[in-house]
Amino acid sequence: MWIRPQEILLANALWSVEQANPYFVLQKRKGKGLAGLLVGTLDSVLDSKAPLYRILHRVTDADTSYIVAISNCKREITSDWQWLEINLINTLSTFEDATEVTNFVKCKVESLVAQNIPEKPKEDVDSSDLQDANVKFHKLFSMPPEEKLVNYYSCSYWKGVPRQGWMYLSVNHICFYSFLMGKEAKFIVRWTDVTKLEWGNNRLFPDSIRVKTRKEKFEFSLFISSEETFQLMEQLANMAMNQLMSEEGFQEDRTLPTKTRKKATVKNYSLKRDLDARARSEAYRCNFNLPLNEKLDGEAKCTMWTPYNKQHVWGTIYISSGFICFASRVRCLVTIVIPMCEINIVEKIENSSNSVLPDAILLSTRGKSNFLFAQLTERDFMLERISDLLFKQPEFSRSPSQILAIPKSPSMTTPDADSLTPTVQVSFQPALSTLFAHQSSTKHAEKETEKLRLWEHHFSEYGRGVCMYRTHDLHQLILDGIPNALRSEIWMIYSGAIHEMTTNPKLYSTLVEKSSNMENFMTDEIERDLHRSLPEHPAFQSEIGIDALRRVLTAYAFKNPNIGYCQGINIVTSVLLLYLSEEETFWLLTAICERLLPDYYNNKVVGVQVDQGVFEELVETYVPSMTAQMQHLSMMSLISLSWFLTIFLSVLPFDYAVRIMDCFFYDGAKVIFQITLAILDAIKEDLVKCKEDGAAVQTVNSFLESIVDHELISDKGVGDKKIDQDSDAKEKELKKVLDISELICQAYSKYGEITNQDISKLRVKHRLKVVQTLEDATMKNVLHSVSNDALFNGKELEQLFSVFREEYLSVCYWRTNQVPVDLVEKYDPLKPFYDQYRIDIDQFKILILSLSPWSSGQHAGVMALRLFRLLNSNGTNLINFRDFVWCLSIICRSDMSDRLFLIYRLHLPPALLNSELDDISSPTKSDSTDAAIDAVEFFDGVQDSSDVSENVNALTIHGDDNVLVGAVTSGNGDAVQLSDSINSESSNKQINVGLPVADVSVIERFSSISDSGYPESAIISSIETSVSIEPSPVYVPESFIRSKTGSVAMPRSGLTTPQLDQDLNRDHLKSIPRMSQPQFIQMCKTLYDMFLNEPNEQQLYHAIATVATLLLQIGEVGKRFSRSDNLASSVFSTCQDLGSVSFVECQNEVKKLEDDCITVNPSYFQNDDSKIMKECTGQGEAGENVDTEVQETKRNALHISAGQETISADNPMVDLDWSISFEQFLASMLTEPELVAYFDRQFDLTPAIDQFRNRRLHRHSSLLADTPNF
């Protein structure tokens, strides 16, 4: 590939010469020995992947050379070399001056570059580097294409010795790669595994970053910009914690503006730019209490004219899709929020020679307010952006100013009430304090009047409504207390709830209508708490207040099932209803739960626990003397849960606590921490003296009871305590109390430097620890819930849960079409712990194929699919952790009976579909009954007497009782009982294959007398006259007994299951479906596929072929019994129709028929199975092993001849009347020691789990091919 000529000084360093001529030299990168190690190290440290070949133009009598072509392919570089020799060598020889030669070569090569490769635009240079790093990232760590690289940084990783390399930060992982002196070092850490991030100074290097997980610690240093790197890492870790809690994937935002200034270059999309924009937008929303969907579009330095003091204030103007905001450079001097829907006109003020307002724009609002911004360096571009955003504004039925102007009266219903259906007539209530009078003192009434006067004066000077100027004077008015008449307006404006109410004008009425008939666990909890919410207020002693509270809580639970309902919401909502209308209460509650106190009210109250950690750190900073005492007394949980969750409403009278809420809605969450620190500082001396929690709680409660509001104190009492006005007690009591205004003043004066930005940073820091602690608790609960259903120890279960959860979360990470989830069902507290994580078929196959020891064959995916069908008993197409562990427990740790029954069930419906049997054709009908007997002859095989005695010693049919009696010998000569035992000593033989002795019945009575068509009297007579039959003890895996719902019950703990009662076993075994011949063929394929790569795979193939032969014999004989019973039934029916034939005569006729048609000659079963052994195990006639035939045996399905019909994978001819039972299958498998040893083997999953978790650390062969051989 031709490139623009690049000058180099050391032409031969680390390069070897392949070809040369007077003007050019073809070189190859050194890749062996010490030089090769040095080359690889430099490439890794410098992040430069030098090509394998290059062509240099050599300048005569000079130390410099020029690179003119590079390539990683020898063919391509050879082609370029040949072109130079053919087209340039002769021309260059005509030049006399070396400078002319060099200029000609450079010009020619540049022309070739211009023809073949267009120059990239300037603005794409940075993104091109990131794209190259992205390709390298996916190759190095085997990441799927959906995993997005955010940025990468050069750094040093400390583990014993420093290793210089590259840190790759993606959306879901932090990765590191280093290559030094021939040794690689790399690791992958999920952000969801990170428990702590720290940025500080290390022993040797400053500005080091430490990453901690549950098991490891990683330390990095030598960053070019450690602060930028740490901020990005914090942001990614915080996103991961949010994903853990919400289980929602990362969604890219490609709507970012490509230009932020008129003359700026166009910026292409990048994930790093997306995350930076998210961080700026989040800070922007936090500063101005804006809705969560607002995205910052741009910002600029400017001045704003303030008419109340006639000055120009320097600050920053912010523009987003719905708002224009301004914040002064001096903190809290003046801020303003202007909704786009309030703007009528935006115009440019032309510059003039004597203008004092250069580059100014003027905004006019619907409330006839004007805002003047000047000294905008990009005025025209900003004016254009504002005009475009105004044009895109949706039409709202009401603006914020119009909503605030609507009068509130007791008889008023919201306009949305008319949209309800006629069957649901609801009148939404105004502020309940207007309907239910609350007792107040004369002094309080006078104070309220005075406050109203001050507020009206402020409105006249600074404006009123959403666009008013927010200054120090306004802040002071709020600290002094908002009048009850204005609380609704002020709370809605400064909390930002008015904006969400404006953009969703009919949502509340719609939610009330839809949730009116909702009944679930959330509505049950709401009903329990309705009468516990502010019961002392008369409004909630009436159905009017209770109904309004119910509607608000239920509507919000319906709107946001992720939060639903949490205790504490009812207390906050009840106070809001006193001062706001029903709809306003709903939107203010939304703002509290989703913006002002995020994650406070979800099902795990994560936000409260996070703020508990934040408060602990603030105590260490501002009240260090109380740190040890607070930890000793366990006061943190009391403070966080009780005070924070209800904004002090649960510990203070509500008319005192609303003063704190006034400040909270204006200044945000920092107010809660400031008030709490002030209370702690006031009682720290008393708390230090406390030795136990009870005394500390009493101290705190006594202080809280002493807080009063002097405006609400009556003339004859302090709070609720009546005292004598003329006594000295009143003076003493007043000295003990603390006015709420004084408490607020102390909080702001001592801790006013705490900002919401500080709180946000601390929340990010502590959210890691809290969420990971909750995840650990969840894991413990899940493991405890499945401990009785699993056969793994605690450590193995923990590892299995980790990979199960990681695979579950991978859907949130990378899948675009996620399965819809019922959020109400998801957060149901009655839901079992093990059902919190559920995987689909794709994830289940990935895990089973990676962990199961049965998944080594070519058709393992088919078996995984059948396992999924078997476990999917509830029809949700999702498998929970208990089902997954149960499945692996059977495969890896259960006994042979359980494992074989699992294999047996995998080849019956619903695991095996009928469509999977369509390729198996049915045979033609047999011409005679002898065909069934002839089918057995093929399986007769007599092996060498030293190996195996006869497989069937005797097999006779007793016509009097239709019972098959016989014994099949095992490999050591001991007999295995095949039938229901008759009272005969010769039939009581047992299995002996090196295992505990057990009597196992493998063939049930093929034709029950009750199904033969005989009359009931004949059946009773036959039973009385026949020999009594006692069922032999049969082992049935209790873990597979199906419940009434049809789902497979979970296994008991332990590797063995106690033997059930004989009658219960018989009933259970009769309920197990028999297996047909097509299903049997599929099971044989599965068994053959399982033995791949086993050390004794040839012996296992031989054993399974022997078992298959035996089962085919049993199935053929069973088919003949069924035919005989049908024939006997027909004869008996004919005898009954004649009427003159006695029962005894008819019975004799049947017996004679059975003797004539069913007697089987034992010679039919003399074994000569050499053909079977050849086809199924690859063993020759002489008994030697033929290894070359093993692969063919493994890949082909079972080939077994049955009479004149052949059962094979390619051309199966099956008999649909043929069947076997599980008893027969189990007993036949027990005859082969190789199979018994295989299915009794215990498997350790730890290596498979480690390999699965570290699978991305193994480099692909394609990557190794691109790496020089060192």
# chains A, B, ... in the order shown; residues from 1 in each chain; ligands from 1
>>> residues_around(residues="Asp547 (chain A)", least_positions_apart="4", cutoff="12 Å", atoms="only C-alpha atoms", output="number ranges by chain")
A: 426-429, 432, 512, 516, 526-527, 530-531, 539-543, 551-554, 574, 577, 582
>>> closest_residue(among="A:Val194, A:Ile848, A:Leu390, A:Leu292", to="Glu594 (chain A)", atoms="only C-alpha atoms")
A:Leu292
>>> closest_residue(among="A:Lys183, A:Ser79, A:Leu197, A:Glu384", to="Val764 (chain A)", atoms="only C-alpha atoms")
A:Leu197
>>> atom_distance(atom1="CA of Val708 (chain A)", atom2="CA of Asp739 (chain A)")
5.0 Å
>>> atom_distance(atom1="CA of Met340 (chain A)", atom2="CA of Ser321 (chain A)")
7.9 Å
>>> select_by_dssp(residues="region 206-323 of chain A", states="strand (DSSP E or B)", output="short mmCIF file (atom, residue, chain, number, x, y, z; two decimals) with C-alpha atoms, in the first residue's frame")
data_model
loop_
_atom_site.label_atom_id
_atom_site.label_comp_id
_atom_site.auth_asym_id
_atom_site.auth_seq_id
_atom_site.Cartn_x
_atom_site.Cartn_y
_atom_site.Cartn_z
CA SER A 208 -2.88 6.43 40.93
CA ILE A 209 -6.26 4.74 40.48
CA ARG A 210 -7.26 1.67 42.47
CA VAL A 211 -10.03 -0.71 41.41
CA LYS A 212 -11.33 -3.24 43.91
CA THR A 213 -13.57 -6.25 43.33
CA LYS A 217 -7.39 -5.36 43.70
CA PHE A 218 -5.88 -3.55 40.69
CA GLU A 219 -3.68 -0.47 40.83
CA PHE A 220 -2.83 1.80 37.90
CA SER A 221 -0.62 4.86 37.58
CA LEU A 296 -28.19 20.24 27.46
CA ASP A 297 -27.82 21.58 23.92
CA GLY A 298 -25.21 24.25 24.49
CA GLU A 299 -23.91 26.94 26.81
CA ALA A 300 -22.14 30.29 26.47
CA LYS A 301 -20.68 33.04 28.64
CA CYS A 302 -22.69 36.27 28.62
CA THR A 303 -24.18 39.01 30.76
CA MET A 304 -27.79 39.36 31.86
CA TRP A 305 -29.55 42.62 32.66
CA THR A 306 -31.20 42.55 36.12
CA GLN A 311 -26.92 45.91 36.61
CA HIS A 312 -25.32 43.54 34.12
CA VAL A 313 -24.43 40.25 35.79
CA TRP A 314 -21.81 37.96 34.28
CA GLY A 315 -22.72 34.30 34.08
CA THR A 316 -23.53 31.40 31.77
CA ILE A 317 -26.59 30.87 29.64
CA TYR A 318 -27.69 27.27 29.10
CA ILE A 319 -29.96 26.08 26.31
CA SER A 320 -31.80 22.76 26.15
CA PHE A 323 -35.58 25.57 28.67
#
>>> atom_distance(atom1="CA of Ile672 (chain A)", atom2="CA of Leu477 (chain A)")
18.8 Å
